[in-house]
Amino acid sequence: MTSTEYVAGLFDLTGHVGIITGGSRGLGFGQVKVLTDAGATVYNLDLIPHSDEQMIREGHLIDIRCDVTDYDAVEKVVKGIVEKERQLDFLINNAGITFKCRAEEFPLDRLDKIIQINLKTPYMLARICYPYLKQSEYIGRVITISSMAAYMGFTGVLPYDMTKSGVLGLTRGLAEEWKNDNILVNSVAPGWFITKLNEEMFEKNPDRNAAALAKPMLPHFGDPVEIGYMMLFLLSGASTYLTGQDFPVDGGAIPHGF
């Protein structure tokens, strides 16, 4: 075996089957693109399917319209996936929301929804997928999207700060509880990435664009596929001794400081 073949084999996800939430656009789609290109079969649980114009390797992405906060429905979907595929190897908790408002005025219904989607739902999906992940021949993986907000205070988005900090607790706690169950649990903290939503925001607020670019050590925004590269590493045979960790992909924003 050549060194090229060895490295390619480490990162080959052919035969792996997994679930991602909110994989239709933005950071989620960047992850889907990398993982399907690596050979994985990815089930995307989202209320909005991916666009027909977006290129995905045929047969590797299956969209399932699903409200990820309807846990009974999610459980049925997961059971259906396992009945069809006879396996489940990874879960990526990507779906998340936020809302900008000062803490003393924050609408309580918005608070409850952010807590539900950003923190309760990753826990519930991990719990639903647990009995299948622990049977994975590749080692089961749970990966949740955290944030720079887990390390720093961001004004006007306190519930987002709270829930993303909670993701770190969820990651460490599950990693400890499931350490003997053939499951690795980690999280990934994105920095500033170019998505359609961010592009529109920066076009309307050029000053915010300049301010965001001043945050990381690297003077440019990330591409969503770069989150996909980290996911590929954490799902691959190259990361079998990593669990309970959070991995920033932020161009150096956290060590640079705000």
# chains A, B, ... in the order shown; residues from 1 in each chain; ligands from 1
>>> residues_around(residues="region 84-101 of chain A", least_positions_apart="6", cutoff="7 Å", atoms="only C-alpha atoms", output="list in words")
His16, Val17, Gly18, Ile19, Ile20, Thr21, Gly22, Gly28, Ile114, Ile117, Asn118, Pro122, Tyr132, Leu133, Ser136, Tyr138, Ile139, Gly140, Arg141, Val142, Ile143, Thr144, Ile145, Gly156, Val157 and Tyr160 of chain A
>>> residues_around(residues="Leu218 (chain A)", least_positions_apart="5", cutoff="12 Å", atoms="only C-alpha atoms", output="JSON, numbers by chain")
{"A": [191, 192, 212, 213, 249, 250, 251, 252, 253, 254, 255, 256]}
>>> atom_distance(atom1="CA of Asn182 (chain A)", atom2="CA of Glu83 (chain A)")
20.4 Å
>>> select_by_dssp(residues="region 132-222 of chain A", states="helix (DSSP H, G or I)", output="VMD selection string")
chain A and resid 132 to 133 148 to 150 158 to 177 196 to 204 206 to 213
>>> closest_residue(among="A:Ser187, A:Ser24, A:Gln116, A:Thr121", to="Glu75 (chain A)", atoms="only C-alpha atoms")
A:Thr121
>>> closest_residue(among="A:Leu119, A:Leu45, A:Met162, A:Val188", to="Asp67 (chain A)", atoms="only C-alpha atoms")
A:Leu45
>>> residues_around(residues="Ala175 (chain A)", least_positions_apart="5", cutoff="12 Å", atoms="only C-alpha atoms", output="MDAnalysis selection string")
chainID A and resid 126 130 140:143 167:170 180:187 241:246
>>> atom_distance(atom1="CA of Asp37 (chain A)", atom2="CA of Gly23 (chain A)")
14.6 Å
>>> closest_residue(among="A:Gly228, A:Pro216, A:Gly222, A:Gly9", to="Ile194 (chain A)", atoms="only C-alpha atoms")
A:Gly222
>>> atom_distance(atom1="CA of Phe11 (chain A)", atom2="CA of Ala238 (chain A)")
7.3 Å
>>> residues_around(residues="region 148-151 of chain A", least_positions_apart="5", cutoff="6 Å", atoms="only C-alpha atoms", output="MDAnalysis selection string")
chainID A and resid 161 164:165 189
>>> select_by_dssp(residues="region 158-250 of chain A", states="strand (DSSP E or B)", output="list in words")
Ile183, Leu184, Val185, Asn186, Ser187, Val188, Ala189, Pro190, Phe193, Gly222, Asp246, Phe247, Pro248 and Val249 of chain A
>>> closest_residue(among="A:Phe193, A:Pro224, A:Lys76, A:Arg172", to="Asn209 (chain A)", atoms="only C-alpha atoms")
A:Phe193
